[in-house]
Amino acid sequence: MTYEEVMQYLYDQLPMFHRVGAAAYKPSLDNTQALCNWLGHPEQKVKTIHVGGTNGKGSTSHLISASLQASGYKVGLYTSPHLLDFRERIKINGHMIPQQDVIDFVIKYNHSDIKNIQPSFFELTFALAMHYFYQEQVDVAIIEVGMGGRLDSTNVIHPLLSVITNVTLDHQKFLGDDVPAIAREKAGIIKQNIPLVLGGMLPEAQLVMEQKAIEQTAPIFYSHLEIATPACALQGLYQEENKKTAFCALKVLAKEFPSLNEHNIALGFMQVKQLTGIRGRWEILQENPLIIADVGHNEAGVKSVLEQVALTPHEQLHIVLGMVNDKDVDKVLTFFPKRAQYYFCKANIPRGMDARLLADKSKNCGLQGKVYESVSAAFSHAKENANENDLILATGSFFTIAEILN
């Protein structure tokens with residue numbers, strides 16, 4: 001099998017939440033535990049750091065990884081979803097897992113009785129990541145939670161540290177209708193006697209976290225107590241909280257990793273893009289006109305991005321917008337500015353919201369624009385219409401940004 005054939009097999013045969021949504025969601029750890037058992041439990045043999053939360057967990061994970069890399073450690077990084085290549089999900093020191101390792105794993109899986117488990121795409125991918133990290137003998141692996149926490153596939157690990165960035169409304173269909181309910185799910189990664197770093201979050205979410213930490217006798221470290229953090233290559237005001245959370249986590253981890261000093265942390269923060277390959281977070285694609293790509297996709301994420309837009313000098317604002325159909329789109333659209341030209345589109349995935357439906361919902365919120373047959377067409381028209389002092393923002397989902405970066 002070629003790499004392309006392997007990826008087609010994975011996409012066709014395994015339910016993938018990021019593509020199809022609810023049909024791929026499996027609220028149980030049984031499949032992951034069975035997969036890990038088949039692999040000889042690599043998740044028990046690799047040191048890990050677990051990073052959950054609603055927004056910012058990707059940026060926080062990359063900052064922690066970059067600083068550990070800058071300190072001389074061999075660092076695994078597991079994140080989701082990917083933008084351009086599946087292998088972005090599984091990296092060691094910023095390098096994606098080789099295609100051959102993916103091929104070999106899938107062939108091994110395809111020719112074994114383990115197929116009877118019928119895992120989801122995410123479950124099998126996590127198992128592949130832990131298998132790869134163990135084979136390559138990483139010093140530590142940063143593991144980003146996919147969704148929620150308590151029943152997320154990643155919650156089979158026993159980490160050195162748990163990190164929860166924040167809790168806001170997202171995935172209510174699966175996690176609960178309000179912030180405390182969602183917080184209870186995300187607090188599920190808090191382990192007995194394992195230190196916990198809490199990012200800045202709403203009081204009702206923090207209370208849930210603190211109660212769970214008391215039950216688990218897990219010492220808590222608060223990121224909001226960090227007054228100053230190193231300069232960082234990640235732009236955008238919303239990164240301030242992520243920087244504090246990562247910095248707080250790294251200070252806790254310094255006891256376990258002697259080379260993790262302030263100099264190396266500062267180096268990691270400044271070189272995070274080169275060291276990890278992170279993309280899509282207030283990413284400047286072009287100047288004159290200024291073109292920004294950001295993966296903001298839920299209420300809190302979009303609000304943060306638009307606050308940054310309001311502080312960015314520009315004349316006309318052009319917004320290329322594509323979203324997925326299982327978000328609270330009606331609520332999210334209320335935060336978008338009316339004084340902007342919109343280019344509505346649908347990412348090429350089943351879960352993407354039809355561009356005409358998105359345009360109709362936007363019109364109800366006073367947003368005006370045109371519908372385009374693809375993300376690339378919408379982006380091309382925005383660039384054609386923009387003057388050199390304008391700002392083009394592409395946002396709404398990882399998948400919209402993926403097609404723009406491709």
# chains A, B, ... in the order shown; residues from 1 in each chain; ligands from 1

$ select_by_dssp --residues "segment 74-195 of chain A" --states "strand (DSSP E or B)" --output "JSON, numbers by chain"
{"A": [75, 76, 77, 78, 90, 91, 92, 95, 96, 140, 141, 142, 143, 144, 161, 162, 163, 164]}

$ residues_around --residues "Ala382 of chain A" --least-positions-apart "3" --cutoff "8 Å" --atoms "only C-alpha atoms" --output "MDAnalysis selection string"
chainID A and resid 318:320 343 378:379 385:386 392

$ atom_distance --atom1 "atom CA of Pro98 of chain A" --atom2 "atom CA of Gly280 of chain A"
22.5 Å

$ closest_residue --among "A:Gly322, A:Gly268, A:Gly72, A:Pro337" --to "Leu358 of chain A" --atoms "only C-alpha atoms"
A:Gly322

$ select_by_dssp --residues "segment 69-292 of chain A" --states "helix (DSSP H, G or I)" --output "mmCIF file with C-alpha atoms, in the first residue's frame"
data_model
loop_
_atom_site.group_PDB
_atom_site.id
_atom_site.type_symbol
_atom_site.label_atom_id
_atom_site.label_comp_id
_atom_site.auth_asym_id
_atom_site.auth_seq_id
_atom_site.Cartn_x
_atom_site.Cartn_y
_atom_site.Cartn_z
ATOM 1 C CA GLN A 69 12.878 20.743 22.651
ATOM 2 C CA ALA A 70 14.964 23.889 23.188
ATOM 3 C CA PHE A 86 -2.415 13.668 8.653
ATOM 4 C CA ARG A 87 1.133 13.256 9.960
ATOM 5 C CA GLU A 88 0.986 16.719 11.580
ATOM 6 C CA ARG A 89 -0.910 14.985 14.397
ATOM 7 C CA GLN A 99 4.953 7.904 5.915
ATOM 8 C CA GLN A 100 6.386 4.385 6.135
ATOM 9 C CA ASP A 101 5.629 4.165 9.857
ATOM 10 C CA VAL A 102 1.998 5.031 9.148
ATOM 11 C CA ILE A 103 1.858 2.462 6.329
ATOM 12 C CA ASP A 104 3.422 -0.288 8.448
ATOM 13 C CA PHE A 105 1.059 0.350 11.358
ATOM 14 C CA VAL A 106 -2.077 0.318 9.210
ATOM 15 C CA ILE A 107 -0.994 -2.861 7.388
ATOM 16 C CA LYS A 108 -0.328 -4.519 10.751
ATOM 17 C CA TYR A 109 -3.737 -3.389 11.975
ATOM 18 C CA ASN A 110 -5.457 -4.482 8.764
ATOM 19 C CA ASP A 113 -7.877 -9.595 14.723
ATOM 20 C CA ILE A 114 -7.761 -6.112 16.216
ATOM 21 C CA LYS A 115 -10.079 -4.979 13.410
ATOM 22 C CA ASN A 116 -12.871 -6.572 15.426
ATOM 23 C CA ILE A 117 -12.552 -3.676 17.865
ATOM 24 C CA PHE A 121 -10.146 7.227 13.303
ATOM 25 C CA PHE A 122 -9.159 9.147 16.448
ATOM 26 C CA GLU A 123 -8.790 6.014 18.575
ATOM 27 C CA LEU A 124 -6.536 4.309 16.053
ATOM 28 C CA THR A 125 -4.532 7.496 15.494
ATOM 29 C CA PHE A 126 -3.884 7.896 19.222
ATOM 30 C CA ALA A 127 -2.779 4.269 19.446
ATOM 31 C CA LEU A 128 -0.418 4.831 16.508
ATOM 32 C CA ALA A 129 1.010 7.926 18.236
ATOM 33 C CA MET A 130 1.758 6.134 21.489
ATOM 34 C CA HIS A 131 3.239 3.165 19.627
ATOM 35 C CA TYR A 132 5.495 5.495 17.627
ATOM 36 C CA PHE A 133 6.570 7.558 20.631
ATOM 37 C CA TYR A 134 7.490 4.391 22.538
ATOM 38 C CA GLN A 135 9.383 2.916 19.584
ATOM 39 C CA SER A 153 -9.387 8.439 23.901
ATOM 40 C CA THR A 154 -6.284 10.114 25.323
ATOM 41 C CA ASN A 155 -7.485 9.665 28.897
ATOM 42 C CA VAL A 156 -5.821 6.262 29.234
ATOM 43 C CA GLN A 172 -22.628 20.947 23.896
ATOM 44 C CA LYS A 173 -24.302 17.984 22.173
ATOM 45 C CA PHE A 174 -21.666 15.696 23.669
ATOM 46 C CA LEU A 175 -20.330 17.453 26.752
ATOM 47 C CA VAL A 179 -20.143 25.585 31.459
ATOM 48 C CA PRO A 180 -20.225 23.569 34.733
ATOM 49 C CA ALA A 181 -21.349 20.442 32.880
ATOM 50 C CA ILE A 182 -18.612 20.838 30.267
ATOM 51 C CA ALA A 183 -16.091 21.540 33.034
ATOM 52 C CA ARG A 184 -16.980 18.245 34.716
ATOM 53 C CA GLU A 185 -16.146 16.398 31.507
ATOM 54 C CA LYS A 186 -12.865 18.259 31.035
ATOM 55 C CA ALA A 187 -11.955 17.751 34.701
ATOM 56 C CA GLY A 188 -11.962 14.025 33.948
ATOM 57 C CA ILE A 189 -8.258 14.213 33.043
ATOM 58 C CA PRO A 203 -15.377 31.061 38.118
ATOM 59 C CA GLU A 204 -18.044 28.355 37.681
ATOM 60 C CA ALA A 205 -15.575 26.231 35.693
ATOM 61 C CA GLN A 206 -12.728 26.838 38.123
ATOM 62 C CA LEU A 207 -14.911 25.721 41.032
ATOM 63 C CA VAL A 208 -15.574 22.398 39.304
ATOM 64 C CA MET A 209 -11.858 21.942 38.660
ATOM 65 C CA GLU A 210 -10.940 22.723 42.248
ATOM 66 C CA GLN A 211 -13.516 20.308 43.611
ATOM 67 C CA LYS A 212 -12.223 17.531 41.373
ATOM 68 C CA ALA A 213 -8.614 18.316 42.317
ATOM 69 C CA ILE A 214 -9.497 18.058 46.015
ATOM 70 C CA GLU A 215 -11.117 14.659 45.405
ATOM 71 C CA SER A 223 -1.592 30.379 35.450
ATOM 72 C CA HIS A 224 -3.182 33.740 36.292
ATOM 73 C CA LEU A 225 -0.553 34.189 39.016
ATOM 74 C CA GLN A 239 -2.234 33.956 23.119
ATOM 75 C CA GLU A 240 -1.522 35.855 26.339
ATOM 76 C CA GLU A 241 -3.486 33.316 28.382
ATOM 77 C CA ASN A 242 -1.935 30.401 26.510
ATOM 78 C CA LYS A 243 1.556 31.762 27.170
ATOM 79 C CA LYS A 244 0.810 32.064 30.887
ATOM 80 C CA THR A 245 -0.592 28.546 31.022
ATOM 81 C CA ALA A 246 2.375 27.053 29.160
ATOM 82 C CA PHE A 247 4.870 29.029 31.249
ATOM 83 C CA CYS A 248 3.220 27.904 34.487
ATOM 84 C CA ALA A 249 3.261 24.293 33.281
ATOM 85 C CA LEU A 250 6.926 24.486 32.320
ATOM 86 C CA LYS A 251 7.896 25.838 35.735
ATOM 87 C CA VAL A 252 6.176 22.855 37.348
ATOM 88 C CA LEU A 253 7.898 20.468 34.922
ATOM 89 C CA GLU A 262 14.293 30.156 31.926
ATOM 90 C CA HIS A 263 16.751 30.638 29.065
ATOM 91 C CA ASN A 264 15.546 27.542 27.227
ATOM 92 C CA ILE A 265 11.898 28.332 27.895
ATOM 93 C CA ALA A 266 12.421 31.791 26.387
ATOM 94 C CA LEU A 267 14.142 30.184 23.409
ATOM 95 C CA GLY A 268 11.237 27.795 22.938
ATOM 96 C CA PHE A 269 8.676 30.599 23.053
ATOM 97 C CA MET A 270 10.544 32.614 20.418
ATOM 98 C CA VAL A 272 7.922 27.787 18.598
ATOM 99 C CA LYS A 273 7.025 27.987 14.896
ATOM 100 C CA GLN A 274 10.343 26.622 13.683
ATOM 101 C CA LEU A 275 10.569 23.980 16.406
ATOM 102 C CA THR A 276 7.028 22.607 16.157
#

$ residues_around --residues "Pro195 of chain A" --least-positions-apart "2" --cutoff "9 Å" --atoms "only C-alpha atoms" --output "ChimeraX atom specification"
/A:160-163,190-193,197,213,217-221,252

$ write_last_selection --atoms "C-alpha atoms" --output "mmCIF file, in the first residue's frame"
data_model
loop_
_atom_site.group_PDB
_atom_site.id
_atom_site.type_symbol
_atom_site.label_atom_id
_atom_site.label_comp_id
_atom_site.auth_asym_id
_atom_site.auth_seq_id
_atom_site.Cartn_x
_atom_site.Cartn_y
_atom_site.Cartn_z
ATOM 1 C CA LEU A 160 3.395 13.771 34.865
ATOM 2 C CA LEU A 161 1.163 16.839 34.683
ATOM 3 C CA SER A 162 -2.394 17.699 33.688
ATOM 4 C CA VAL A 163 -3.086 21.074 32.066
ATOM 5 C CA ILE A 190 -7.333 15.223 36.612
ATOM 6 C CA LYS A 191 -5.539 12.232 38.146
ATOM 7 C CA GLN A 192 -4.798 11.115 41.680
ATOM 8 C CA ASN A 193 -1.823 13.032 43.131
ATOM 9 C CA VAL A 197 -2.162 23.594 35.960
ATOM 10 C CA ALA A 213 -8.614 18.316 42.317
ATOM 11 C CA THR A 217 -5.543 15.245 46.029
ATOM 12 C CA ALA A 218 -4.005 16.882 42.971
ATOM 13 C CA PRO A 219 -1.955 20.019 43.743
ATOM 14 C CA ILE A 220 -3.137 23.031 41.710
ATOM 15 C CA PHE A 221 -1.003 25.688 40.034
ATOM 16 C CA VAL A 252 6.176 22.855 37.348
#

$ closest_residue --among "A:Asp177, A:Glu384, A:Asp85, A:Asp139" --to "Gly277 of chain A" --atoms "only C-alpha atoms"
A:Asp85

$ residues_around --residues "Ala355 of chain A" --least-positions-apart "4" --cutoff "8 Å" --atoms "only C-alpha atoms" --output "VMD selection string"
chain A and resid 322 344 to 346 359 371 to 373

$ write_last_selection --atoms "N, CA and C atoms" --output "PDB file, in the first residue's frame"
ATOM      1  N   GLY A 322     -16.162  29.955   6.609  1.00  0.00           N
ATOM      2  CA  GLY A 322     -16.712  28.614   6.438  1.00  0.00           C
ATOM      3  C   GLY A 322     -16.751  27.938   7.791  1.00  0.00           C
ATOM      4  N   PHE A 344     -18.877  33.632   1.772  1.00  0.00           N
ATOM      5  CA  PHE A 344     -19.341  32.411   2.417  1.00  0.00           C
ATOM      6  C   PHE A 344     -18.938  31.182   1.593  1.00  0.00           C
ATOM      7  N   CYS A 345     -18.458  30.154   2.299  1.00  0.00           N
ATOM      8  CA  CYS A 345     -17.982  28.968   1.595  1.00  0.00           C
ATOM      9  C   CYS A 345     -18.150  27.743   2.487  1.00  0.00           C
ATOM     10  N   LYS A 346     -17.948  26.574   1.890  1.00  0.00           N
ATOM     11  CA  LYS A 346     -18.035  25.299   2.620  1.00  0.00           C
ATOM     12  C   LYS A 346     -16.757  24.516   2.386  1.00  0.00           C
ATOM     13  N   ALA A 359     -24.909  31.586   4.674  1.00  0.00           N
ATOM     14  CA  ALA A 359     -25.217  32.946   4.226  1.00  0.00           C
ATOM     15  C   ALA A 359     -26.592  33.394   4.729  1.00  0.00           C
ATOM     16  N   VAL A 371     -22.086  33.997  -1.812  1.00  0.00           N
ATOM     17  CA  VAL A 371     -21.823  32.571  -1.638  1.00  0.00           C
ATOM     18  C   VAL A 371     -20.894  32.101  -2.754  1.00  0.00           C
ATOM     19  N   TYR A 372     -19.916  31.273  -2.399  1.00  0.00           N
ATOM     20  CA  TYR A 372     -18.960  30.758  -3.382  1.00  0.00           C
ATOM     21  C   TYR A 372     -18.948  29.232  -3.330  1.00  0.00           C
ATOM     22  N   GLU A 373     -18.587  28.632  -4.468  1.00  0.00           N
ATOM     23  CA  GLU A 373     -18.687  27.174  -4.597  1.00  0.00           C
ATOM     24  C   GLU A 373     -17.584  26.427  -3.864  1.00  0.00           C
TER      25      GLU A 373
END

$ closest_residue --among "A:Trp282, A:Ile291, A:Leu234, A:Tyr11" --to "Ser380 of chain A" --atoms "only C-alpha atoms"
A:Ile291
